[in-house]
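Data block for protein_39.pdb (PDB, C-alpha atoms and all ligand atoms):
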```
ATOM      1  CA  GLU D   1     103.610  95.769 114.747
ATOM      2  CA  LYS D   2     101.233  98.592 113.856
ATOM      3  CA  THR D   3     101.284 100.328 110.492
ATOM      4  CA  VAL D   4     102.069 103.991 111.179
ATOM      5  CA  VAL D   5      99.987 106.401 109.083
ATOM      6  CA  LEU D   6     100.367 110.191 109.006
ATOM      7  CA  ILE D   7      97.493 112.143 107.446
ATOM      8  CA  THR D   8      97.288 115.869 106.631
ATOM      9  CA  GLY D   9      94.064 117.907 106.781
ATOM     10  CA  CYS D  10      92.231 115.825 109.399
ATOM     11  CA  SER D  11      89.826 118.439 110.775
ATOM     12  CA  SER D  12      87.132 117.544 108.212
ATOM     13  CA  GLY D  13      86.127 115.461 105.222
ATOM     14  CA  ILE D  14      88.252 112.655 103.829
ATOM     15  CA  GLY D  15      91.159 113.269 106.234
ATOM     16  CA  LEU D  16      88.901 113.162 109.289
ATOM     17  CA  GLY D  17      87.087 110.088 108.004
ATOM     18  CA  LEU D  18      90.285 108.225 107.220
ATOM     19  CA  ALA D  19      91.828 109.043 110.604
ATOM     20  CA  VAL D  20      88.691 107.800 112.398
ATOM     21  CA  ARG D  21      88.448 104.655 110.306
ATOM     22  CA  LEU D  22      92.083 103.654 110.809
ATOM     23  CA  ALA D  23      92.241 104.612 114.493
ATOM     24  CA  SER D  24      89.078 102.605 115.220
ATOM     25  CA  ASP D  25      90.232  99.507 113.335
ATOM     26  CA  ALA D  26      88.870  96.487 115.210
ATOM     27  CA  SER D  27      92.229  94.691 115.200
ATOM     28  CA  CYS D  28      94.195  97.843 116.104
ATOM     29  CA  ARG D  29      96.404  97.431 113.041
ATOM     30  CA  PHE D  30      97.205 101.136 112.716
ATOM     31  CA  LYS D  31      98.830 103.953 114.630
ATOM     32  CA  VAL D  32      97.464 107.205 113.223
ATOM     33  CA  TYR D  33      99.090 110.611 113.393
ATOM     34  CA  ALA D  34      96.155 112.799 112.454
ATOM     35  CA  THR D  35      97.446 116.276 111.641
ATOM     36  CA  MET D  36      95.597 119.526 111.184
ATOM     37  CA  ARG D  37      96.446 123.158 110.662
ATOM     38  CA  ASN D  38      94.341 124.364 113.561
ATOM     39  CA  LEU D  39      94.268 122.190 116.695
ATOM     40  CA  ALA D  40      91.193 124.104 117.921
ATOM     41  CA  LYS D  41      89.280 121.981 115.419
ATOM     42  CA  LYS D  42      90.268 118.652 116.959
ATOM     43  CA  GLU D  43      87.026 118.181 118.911
ATOM     44  CA  ARG D  44      85.144 116.631 116.008
ATOM     45  CA  LEU D  45      87.835 114.051 115.449
ATOM     46  CA  LEU D  46      88.001 113.264 119.166
ATOM     47  CA  GLU D  47      84.242 112.859 119.297
ATOM     48  CA  CYS D  48      84.247 110.488 116.335
ATOM     49  CA  VAL D  49      86.871 108.187 117.836
ATOM     50  CA  ARG D  50      85.464 108.211 121.357
ATOM     51  CA  GLY D  51      85.824 104.799 122.954
ATOM     52  CA  CYS D  52      88.517 103.619 120.594
ATOM     53  CA  HIS D  53      91.909 102.506 121.792
ATOM     54  CA  ALA D  54      93.958 105.448 123.074
ATOM     55  CA  SER D  55      97.113 103.916 121.604
ATOM     56  CA  THR D  56      95.956 104.190 117.999
ATOM     57  CA  LEU D  57      95.574 107.963 117.614
ATOM     58  CA  GLU D  58      97.689 111.027 118.126
ATOM     59  CA  ILE D  59      96.757 114.494 116.941
ATOM     60  CA  LEU D  60      99.496 116.852 115.780
ATOM     61  CA  GLN D  61      99.521 120.429 114.526
ATOM     62  CA  LEU D  62     100.619 120.689 110.893
ATOM     63  CA  ASP D  63     100.062 123.556 108.490
ATOM     64  CA  VAL D  64     101.412 122.198 105.206
ATOM     65  CA  THR D  65     102.128 125.724 103.942
ATOM     66  CA  ASP D  66     104.389 126.563 106.881
ATOM     67  CA  PRO D  67     107.952 125.210 106.624
ATOM     68  CA  LEU D  68     108.464 125.642 110.378
ATOM     69  CA  SER D  69     105.339 123.646 111.144
ATOM     70  CA  LEU D  70     106.462 120.893 108.745
ATOM     71  CA  ALA D  71     109.919 120.815 110.288
ATOM     72  CA  ALA D  72     108.434 120.637 113.796
ATOM     73  CA  ALA D  73     106.166 117.731 112.876
ATOM     74  CA  ALA D  74     109.031 115.864 111.207
ATOM     75  CA  GLN D  75     111.179 116.532 114.272
ATOM     76  CA  GLN D  76     108.497 115.198 116.621
ATOM     77  CA  LEU D  77     108.338 112.000 114.599
ATOM     78  CA  GLN D  78     112.083 111.676 114.211
ATOM     79  CA  GLU D  79     112.256 108.432 116.175
ATOM     80  CA  GLN D  80     109.049 107.194 114.657
ATOM     81  CA  ARG D  81     108.925 105.517 111.290
ATOM     82  CA  VAL D  82     106.065 106.631 109.052
ATOM     83  CA  ASP D  83     104.917 103.722 106.930
ATOM     84  CA  VAL D  84     102.162 105.554 105.108
ATOM     85  CA  LEU D  85     101.995 109.276 104.391
ATOM     86  CA  VAL D  86      98.601 110.558 103.254
ATOM     87  CA  CYS D  87      98.810 113.998 101.598
ATOM     88  CA  ASN D  88      95.192 115.017 101.837
ATOM     89  CA  ALA D  89      95.113 118.729 102.740
ATOM     90  CA  GLY D  90      93.702 120.691  99.826
ATOM     91  CA  VAL D  91      91.516 123.646  98.897
ATOM     92  CA  GLY D  92      89.408 124.589  95.881
ATOM     93  CA  LEU D  93      88.867 127.789  93.936
ATOM     94  CA  MET D  94      85.927 128.303  91.614
ATOM     95  CA  GLY D  95      85.079 131.168  89.279
ATOM     96  CA  PRO D  96      85.952 132.742  85.920
ATOM     97  CA  LEU D  97      89.726 133.144  85.646
ATOM     98  CA  GLU D  98      89.445 136.940  85.367
ATOM     99  CA  THR D  99      87.923 137.057  88.856
ATOM    100  CA  CYS D 100      90.598 134.968  90.612
ATOM    101  CA  SER D 101      92.730 137.277  92.722
ATOM    102  CA  TYR D 102      96.475 136.757  92.935
ATOM    103  CA  GLN D 103      96.119 136.079  96.656
ATOM    104  CA  ALA D 104      93.424 133.432  96.131
ATOM    105  CA  MET D 105      95.470 131.697  93.434
ATOM    106  CA  LYS D 106      98.566 131.819  95.582
ATOM    107  CA  THR D 107      96.737 130.188  98.492
ATOM    108  CA  ILE D 108      95.582 127.345  96.237
ATOM    109  CA  PHE D 109      99.100 126.680  94.991
ATOM    110  CA  ASP D 110     100.606 127.090  98.466
ATOM    111  CA  VAL D 111      98.331 124.410  99.930
ATOM    112  CA  ASN D 112      97.787 122.030  97.022
ATOM    113  CA  VAL D 113     101.191 122.165  95.331
ATOM    114  CA  PHE D 114     103.888 123.470  97.678
ATOM    115  CA  GLY D 115     102.103 121.995 100.708
ATOM    116  CA  THR D 116     102.092 118.546  99.136
ATOM    117  CA  ILE D 117     105.701 118.859  97.970
ATOM    118  CA  GLY D 118     106.830 120.056 101.413
ATOM    119  CA  THR D 119     105.029 117.212 103.175
ATOM    120  CA  ILE D 120     106.618 114.631 100.876
ATOM    121  CA  GLN D 121     110.048 116.238 101.297
ATOM    122  CA  ALA D 122     109.689 116.016 105.086
ATOM    123  CA  PHE D 123     109.011 112.271 105.183
ATOM    124  CA  LEU D 124     110.627 110.889 102.027
ATOM    125  CA  PRO D 125     114.210 110.634 103.367
ATOM    126  CA  GLY D 126     113.095 108.242 106.134
ATOM    127  CA  MET D 127     111.188 106.073 103.678
ATOM    128  CA  LYS D 128     114.142 105.930 101.289
ATOM    129  CA  ARG D 129     116.470 105.031 104.149
ATOM    130  CA  ARG D 130     114.238 102.203 105.294
ATOM    131  CA  LYS D 131     113.550 101.130 101.718
ATOM    132  CA  ALA D 132     109.854 100.997 102.538
ATOM    133  CA  GLY D 133     106.873 103.293 102.513
ATOM    134  CA  LYS D 134     103.725 104.481 100.850
ATOM    135  CA  ILE D 135     102.691 107.968  99.843
ATOM    136  CA  ILE D 136      99.007 108.403  99.142
ATOM    137  CA  ILE D 137      97.584 111.570  97.631
ATOM    138  CA  SER D 138      93.993 112.856  97.684
ATOM    139  CA  SER D 139      93.823 113.669  94.009
ATOM    140  CA  SER D 140      90.922 114.443  91.739
ATOM    141  CA  VAL D 141      89.302 113.891  88.388
ATOM    142  CA  GLY D 142      90.188 117.592  88.028
ATOM    143  CA  ALA D 143      93.836 116.526  88.210
ATOM    144  CA  LEU D 144      93.502 114.597  84.952
ATOM    145  CA  GLN D 145      91.145 116.745  82.924
ATOM    146  CA  GLY D 146      90.247 120.420  82.778
ATOM    147  CA  ILE D 147      86.979 121.486  84.394
ATOM    148  CA  PRO D 148      85.484 124.828  83.333
ATOM    149  CA  PHE D 149      85.636 127.557  85.983
ATOM    150  CA  ASN D 150      88.051 125.422  88.000
ATOM    151  CA  ALA D 151      91.117 126.363  85.956
ATOM    152  CA  VAL D 152      93.374 127.308  88.859
ATOM    153  CA  TYR D 153      92.287 124.352  91.014
ATOM    154  CA  CYS D 154      92.882 121.982  88.079
ATOM    155  CA  ALA D 155      96.251 123.594  87.366
ATOM    156  CA  SER D 156      97.291 122.910  90.965
ATOM    157  CA  LYS D 157      96.032 119.326  90.898
ATOM    158  CA  PHE D 158      97.634 118.659  87.473
ATOM    159  CA  ALA D 159     100.900 119.861  89.011
ATOM    160  CA  VAL D 160     100.658 117.224  91.729
ATOM    161  CA  GLU D 161     100.058 114.512  89.105
ATOM    162  CA  GLY D 162     103.268 115.531  87.337
ATOM    163  CA  LEU D 163     105.106 115.576  90.632
ATOM    164  CA  CYS D 164     103.987 112.103  91.660
ATOM    165  CA  GLU D 165     104.355 110.469  88.253
ATOM    166  CA  SER D 166     107.930 111.753  88.102
ATOM    167  CA  LEU D 167     108.709 110.533  91.624
ATOM    168  CA  ALA D 168     107.150 107.118  91.004
ATOM    169  CA  VAL D 169     109.749 106.291  88.356
ATOM    170  CA  ILE D 170     112.583 106.601  90.881
ATOM    171  CA  LEU D 171     110.816 105.499  94.023
ATOM    172  CA  GLN D 172     110.143 101.970  92.835
ATOM    173  CA  GLN D 173     113.885 101.325  93.354
ATOM    174  CA  PHE D 174     113.445 102.325  96.990
ATOM    175  CA  ASN D 175     110.360 100.172  97.502
ATOM    176  CA  VAL D 176     108.359 103.347  98.085
ATOM    177  CA  HIS D 177     104.937 103.343  96.444
ATOM    178  CA  ILE D 178     103.149 106.496  95.500
ATOM    179  CA  THR D 179      99.421 106.407  94.764
ATOM    180  CA  LEU D 180      97.093 109.129  93.538
ATOM    181  CA  ILE D 181      93.509 108.497  94.580
ATOM    182  CA  GLU D 182      91.402 110.073  91.838
ATOM    183  CA  CYS D 183      88.166 111.224  93.465
ATOM    184  CA  GLY D 184      85.124 112.559  91.679
ATOM    185  CA  PRO D 185      82.744 114.717  93.716
ATOM    186  CA  VAL D 186      82.641 113.576  97.355
ATOM    187  CA  ASN D 187      80.081 114.643  99.958
ATOM    188  CA  THR D 188      82.386 116.560 102.291
ATOM    189  CA  SER D 189      82.674 120.201 103.331
ATOM    190  CA  PHE D 190      84.983 120.715 100.309
ATOM    191  CA  LEU D 191      82.357 122.796  98.470
ATOM    192  CA  ALA D 192      81.633 124.868 101.564
ATOM    193  CA  ASN D 193      85.359 125.343 102.207
ATOM    194  CA  LEU D 194      86.390 126.310  98.710
ATOM    195  CA  GLN D 195      86.795 129.903  97.628
ATOM    196  CA  ARG D 196      84.000 130.609  95.222
ATOM    197  CA  MET D 197      83.179 133.699  93.213
ATOM    198  CA  ASP D 198      79.404 134.165  93.008
ATOM    199  CA  THR D 199      77.632 135.278  89.868
ATOM    200  CA  GLU D 200      76.705 138.594  91.438
ATOM    201  CA  GLY D 201      80.359 139.235  92.187
ATOM    202  CA  CYS D 202      81.155 138.544  88.530
ATOM    203  CA  VAL D 203      78.619 141.111  87.412
ATOM    204  CA  LEU D 204      79.987 143.596  89.939
ATOM    205  CA  GLN D 205      83.519 143.062  88.615
ATOM    206  CA  GLY D 206      82.285 144.026  85.156
ATOM    207  CA  LEU D 207      82.804 140.573  83.657
ATOM    208  CA  ASP D 208      81.323 140.163  80.182
ATOM    209  CA  PRO D 209      77.714 138.898  80.171
ATOM    210  CA  GLN D 210      78.525 135.783  78.126
ATOM    211  CA  THR D 211      81.035 134.506  80.701
ATOM    212  CA  CYS D 212      78.621 135.401  83.531
ATOM    213  CA  ALA D 213      75.867 133.364  81.860
ATOM    214  CA  LEU D 214      78.180 130.387  81.269
ATOM    215  CA  TYR D 215      79.358 130.527  84.867
ATOM    216  CA  SER D 216      75.831 130.595  86.163
ATOM    217  CA  GLN D 217      75.058 127.556  83.986
ATOM    218  CA  TYR D 218      78.164 125.836  85.310
ATOM    219  CA  LEU D 219      77.122 126.426  88.927
ATOM    220  CA  GLN D 220      73.816 124.696  88.253
ATOM    221  CA  HIS D 221      75.574 121.802  86.562
ATOM    222  CA  SER D 222      77.967 121.514  89.499
ATOM    223  CA  GLN D 223      75.091 121.508  91.980
ATOM    224  CA  SER D 224      73.227 118.744  90.190
ATOM    225  CA  LEU D 225      76.434 116.758  89.725
ATOM    226  CA  PHE D 226      77.079 116.884  93.478
ATOM    227  CA  ARG D 227      73.460 115.986  94.133
ATOM    228  CA  ASP D 228      73.336 113.077  91.670
ATOM    229  CA  VAL D 229      76.771 111.486  91.537
ATOM    230  CA  ALA D 230      78.730 112.630  94.608
ATOM    231  CA  GLN D 231      80.108 109.692  96.561
ATOM    232  CA  ASP D 232      79.849 109.291 100.285
ATOM    233  CA  THR D 233      83.098 109.623 102.172
ATOM    234  CA  GLU D 234      82.849 105.988 103.321
ATOM    235  CA  GLU D 235      82.861 104.764  99.731
ATOM    236  CA  VAL D 236      85.949 106.805  98.916
ATOM    237  CA  LEU D 237      87.710 105.697 102.117
ATOM    238  CA  GLN D 238      87.461 102.108 100.941
ATOM    239  CA  VAL D 239      89.778 102.978  98.034
ATOM    240  CA  PHE D 240      92.246 104.659 100.416
ATOM    241  CA  LEU D 241      92.164 101.560 102.622
ATOM    242  CA  GLU D 242      92.907  99.307  99.672
ATOM    243  CA  ALA D 243      95.925 101.420  98.752
ATOM    244  CA  ILE D 244      97.113 101.330 102.381
ATOM    245  CA  CYS D 245      96.698  97.555 102.696
ATOM    246  CA  THR D 246      97.902  96.399  99.241
ATOM    247  CA  PRO D 247     101.646  95.629  99.156
ATOM    248  CA  CYS D 248     102.276  97.381  95.808
ATOM    249  CA  PRO D 249      99.422  99.781  95.031
ATOM    250  CA  PRO D 250      99.328 101.296  91.512
ATOM    251  CA  LEU D 251     100.204 104.919  90.670
ATOM    252  CA  ARG D 252      96.531 105.776  90.168
ATOM    253  CA  SER D 253      93.400 104.440  91.745
ATOM    254  CA  PHE D 254      89.924 105.693  90.808
ATOM    255  CA  THR D 255      87.084 105.953  93.325
ATOM    256  CA  THR D 256      84.469 106.070  90.555
ATOM    257  CA  GLN D 257      84.129 104.982  86.928
ATOM    258  CA  PHE D 258      81.671 107.792  86.219
ATOM    259  CA  PHE D 259      84.146 110.126  84.494
ATOM    260  CA  MET D 260      86.092 107.388  82.702
ATOM    261  CA  PRO D 261      84.535 108.013  79.251
ATOM    262  CA  LEU D 262      85.661 111.659  79.478
ATOM    263  CA  THR D 263      89.071 110.743  80.903
ATOM    264  CA  ARG D 264      89.697 108.231  78.100
ATOM    265  CA  LEU D 265      89.213 110.890  75.399
ATOM    266  CA  LYS D 266      92.631 112.235  76.252
ATOM    267  CA  LEU D 267      94.168 109.013  75.010
ATOM    268  CA  THR D 268      91.851 108.317  72.092
ATOM    269  CA  SER D 269      92.060 111.913  70.805
ATOM    270  CA  PRO D 270      95.483 113.216  71.864
ATOM    271  CA  ASP D 271      94.975 116.595  70.180
ATOM    272  CA  GLY D 272      92.335 117.372  72.831
ATOM    273  CA  SER D 273      89.547 118.441  70.493
ATOM    274  CA  GLU D 274      87.205 115.607  71.415
ATOM    275  CA  TYR D 275      87.663 116.200  75.116
ATOM    276  CA  VAL D 276      86.930 119.900  74.790
ATOM    277  CA  ARG D 277      83.774 119.164  72.797
ATOM    278  CA  ALA D 278      82.582 116.406  75.126
ATOM    279  CA  MET D 279      83.213 118.384  78.318
ATOM    280  CA  HIS D 280      81.401 121.397  76.870
ATOM    281  CA  LYS D 281      78.437 119.215  76.039
ATOM    282  CA  PHE D 282      78.545 117.524  79.458
ATOM    283  CA  VAL D 283      78.470 120.825  81.338
ATOM    284  CA  PHE D 284      76.495 123.166  79.126
ATOM    285  CA  SER D 285      73.948 121.214  77.144
ATOM    286  CA  ALA D 286      72.052 119.369  79.885
ATOM    287  CA  GLY D 287      70.806 122.653  81.337
ATOM    288  CA  GLU D 288      69.551 123.886  77.972
ATOM    289  CA  ALA D 289      67.647 120.643  77.445
ATOM    290  CA  GLN D 290      65.961 121.032  80.830
ATOM    291  CA  GLY D 291      65.064 124.652  80.210
ATOM    292  CA  ASP D 292      67.624 125.908  82.673
ATOM    293  CA  ARG D 293      66.809 128.681  85.123
ATOM    294  CA  VAL D 294      69.798 130.968  84.864
TER
HETATM  295  P1  LIG D 301      87.615 119.373 103.189
HETATM  296  O1  LIG D 301      87.577 120.816 102.846
HETATM  297  O2  LIG D 301      86.677 118.843 104.200
HETATM  298  O3  LIG D 301      89.091 118.924 103.638
HETATM  299  C1  LIG D 301      90.271 119.607 103.303
HETATM  300  C2  LIG D 301      91.107 119.714 104.554
HETATM  301  O4  LIG D 301      92.372 120.332 104.251
HETATM  302  C3  LIG D 301      90.412 120.582 105.618
HETATM  303  O5  LIG D 301      90.364 119.875 106.826
HETATM  304  C4  LIG D 301      91.323 121.799 105.711
HETATM  305  O6  LIG D 301      91.346 122.344 107.000
HETATM  306  C5  LIG D 301      92.655 121.194 105.334
HETATM  307  N1  LIG D 301      93.642 122.226 104.987
HETATM  308  C6  LIG D 301      93.473 123.322 104.202
HETATM  309  N2  LIG D 301      94.600 124.054 104.202
HETATM  310  C7  LIG D 301      95.492 123.419 105.004
HETATM  311  C8  LIG D 301      96.815 123.675 105.416
HETATM  312  N3  LIG D 301      97.472 124.791 105.015
HETATM  313  N4  LIG D 301      97.442 122.783 106.227
HETATM  314  C9  LIG D 301      96.803 121.688 106.651
HETATM  315  N5  LIG D 301      95.536 121.397 106.314
HETATM  316  C10 LIG D 301      94.888 122.251 105.495
HETATM  317  O7  LIG D 301      87.385 118.603 101.798
HETATM  318  P2  LIG D 301      87.754 117.088 101.361
HETATM  319  O8  LIG D 301      86.784 116.745 100.320
HETATM  320  O9  LIG D 301      87.892 116.192 102.530
HETATM  321  O10 LIG D 301      89.162 117.322 100.660
HETATM  322  C11 LIG D 301      90.288 116.513 100.909
HETATM  323  C12 LIG D 301      91.112 116.391  99.632
HETATM  324  O11 LIG D 301      90.339 115.718  98.648
HETATM  325  C13 LIG D 301      91.529 117.732  99.015
HETATM  326  O12 LIG D 301      92.881 117.649  98.611
HETATM  327  C14 LIG D 301      90.616 117.861  97.810
HETATM  328  O13 LIG D 301      91.213 118.611  96.772
HETATM  329  C15 LIG D 301      90.433 116.401  97.424
HETATM  330  N6  LIG D 301      89.224 116.176  96.613
HETATM  331  C16 LIG D 301      87.967 116.450  97.103
HETATM  332  C17 LIG D 301      86.848 116.261  96.302
HETATM  333  C18 LIG D 301      85.456 116.549  96.780
HETATM  334  O14 LIG D 301      84.546 116.619  95.945
HETATM  335  N7  LIG D 301      85.207 116.677  98.051
HETATM  336  C19 LIG D 301      87.011 115.795  94.994
HETATM  337  C20 LIG D 301      88.279 115.525  94.518
HETATM  338  C21 LIG D 301      89.387 115.714  95.348
END
```
Turn the structure described in the file into structure tokens.
Amino acid sequence: EKTVVLITGCSSGIGLGLAVRLASDASCRFKVYATMRNLAKKERLLECVRGCHASTLEILQLDVTDPLSLAAAAQQLQEQRVDVLVCNAGVGLMGPLETCSYQAMKTIFDVNVFGTIGTIQAFLPGMKRRKAGKIIISSSVGALQGIPFNAVYCASKFAVEGLCESLAVILQQFNVHITLIECGPVNTSFLANLQRMDTEGCVLQGLDPQTCALYSQYLQHSQSLFRDVAQDTEEVLQVFLEAICTPCPPLRSFTTQFFMPLTRLKLTSPDGSEYVRAMHKFVFSAGEAQGDRV
């Protein structure tokens, strides 16, 4: 019998890649419900799976921020068990905190936090009833440690860590496994899709020059980080596949070891001072050394 996998946010990036990979599995081991907010964007997914078995993929509309849409999707799958739920839909927000509008912040929390909670709430009862299931979350290094100028995004991703860690304690009794996939930078349209304040906008909003300069330095750091260490989607998908295929996947799974020295500082220096120092150095001193163009 096929493993049934429902994925949110399948119109691009990791969600699209995972849906294609599972639906095109050579041994047809999976039945994929690829969901997306806007069905008008399904062409790319359809193109990518062209030629693969028609019985392995279904595309459904699902806006994780809309309770009616969640209820409709759950209703459509009422008779269908979902073995693996992949909460992948997510958006970013970048800029000095003073420039983040209430509406922008609200959107981030609606998608990343309440969207993830709502999706889990929709499919958890069935998993508990069957005493089987996996919940896999597209999480982030920014869910475990603060990243400058990503405060609101990190806050939303930290929230999901707390959510899942709390659930994991109970869910083991129900044979439901929850796994956070901690991604570093991945080459997807995430950067293009995120809401980003530009430095000019900061100046226009009357932000103090010191913060503007730091932000401009951060943007350069972020660009070179994406250029130098971003992983290809395929590499990251391998970690998702492992979590899907392992009988009892762990609570956290890392796609890269690159940030581990920074992540560890939280444990070795619980008061946070070493992390703050190290992250500052990581982001702001490389540019100076290279004679940064600001
Ligand atoms: P992406 O922007 O290509 O994918 C995000 C998807 O979520 C898009 O298809 C978007 O349409 C969808 N989405 C947004 N709002 C939605 C809503 N209300 N309902 C349903 N879908 C919605 O970027 P990605 O890199 O594939 O991101 C996937 C996940 O991985 C996100 O949760 C992101 O936070 C996480 N992540 C990405 C990176 C990275 O560097 N790319 C790093 C760490 C974590």
Identify, counting only C-alpha atoms and all ligand atoms, the protein, DNA and RNA residues located within 9 Å of ligand LIG 301 (chain D), and give them as a PyMOL selection string. chain D and resi 8-17+35-38+41+61-66+87-92+107-108+110-112+115+137-143+153+157+181-194+226+230-231+233
For this file, the PyMOL selection byres (((chain D and resi 118) around 9) and not hetatm) selects which residues, as an NGL selection string? :D and (64-67 or 70 or 113-117 or 119-123)
Can you tell me, as a PyMOL selection string, what residues are no more than 12 Å from Ser55 of chain D when counting only C-alpha atoms, ignoring any on the same chain fewer than 4 positions away? chain D and resi 2+4+22-25+28-33+49+51+59
For Glu98 of chain D: contacts at 10 Å, only C-alpha atoms, fewer than 4 positions along chain excluded, given as a PyMOL selection string: chain D and resi 202+205+207+211
Expand the PyMOL selection byres (((chain D and resi 247) around 10) and not hetatm) into the explicit residue set it covers here, and present it as a list in words. Gly133, Lys134, Asn175, His177, Glu242, Ala243, Ile244, Cys245, Thr246, Cys248, Pro249 and Pro250 of chain D
Between atom CA of Gln145 of chain D and atom CA of Met105 of chain D - distance in Å to one decimal: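 About the pair atom CA of Met105 of chain D and atom CA of Gln145 of chain D: they are 18.8 Å apart.
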What do you get, as a PyMOL selection string, if you spell out every residue that the PyMOL selection byres (((chain D and resi 81) around 8) and not hetatm) selects here? chain D and resi 4+77-80+82-83+126-127
For Leu167 of chain D, the closest of D:Leu225, D:Ile147, D:Val86, D:Leu180 counting all atoms listed in the file is D:Leu180
Mind giving me the straight-line distance from atom CA of Asp271 of chain D to atom CA of Ala213 of chain D in Å, one decimal?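 We find that atom CA of Asp271 of chain D and atom CA of Ala213 of chain D lie 28.0 Å from each other.
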Among the residues D:Pro96, D:Glu43, D:Ala19, D:Gln76, the one that comes closest to Asp208 of chain D [using all atoms listed in the file]: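 Selected residue with least distance to Asp208 of chain D: D:Pro96.
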Skipping near chain neighbours, those fewer than 5 positions away, what residues fall within 10 Å of Val169 of chain D using all atoms listed in the file, listed as a compact mmCIF listing (two decimals) with C-alpha atoms, in the coordinates of the input?
```txt
# COMPACT_ATOMS: atom_id res chain seq x y z
CA CYS D 164 103.99 112.10 91.66
CA HIS D 177 104.94 103.34 96.44
CA ILE D 178 103.15 106.50 95.50
CA LEU D 251 100.20 104.92 90.67
```
Atomic distance atom CA of Ala34 of chain D - atom CA of Ala168 of chain D, expressed in Å with one decimal: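 So the two atoms, atom CA of Ala34 of chain D and atom CA of Ala168 of chain D, lie 24.8 Å apart.
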Neighbouring residues of Arg264 of chain D were defined as those with any atom within 12 Å, considering all atoms listed in the file; residues of the same chain fewer than 6 positions away were excluded. Please report them as a list in words.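 Answer for this query is Val141, Leu144, Gln145, Gln257, Phe258, Pro270, Gly272, Glu274, Tyr275 and Ala278 of chain D.
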Go through D:Leu93, D:Leu171, D:Val160, D:Thr56 and flag the residue nearest Ser27 of chain D, using all atoms listed in the file for the distances. D:Thr56
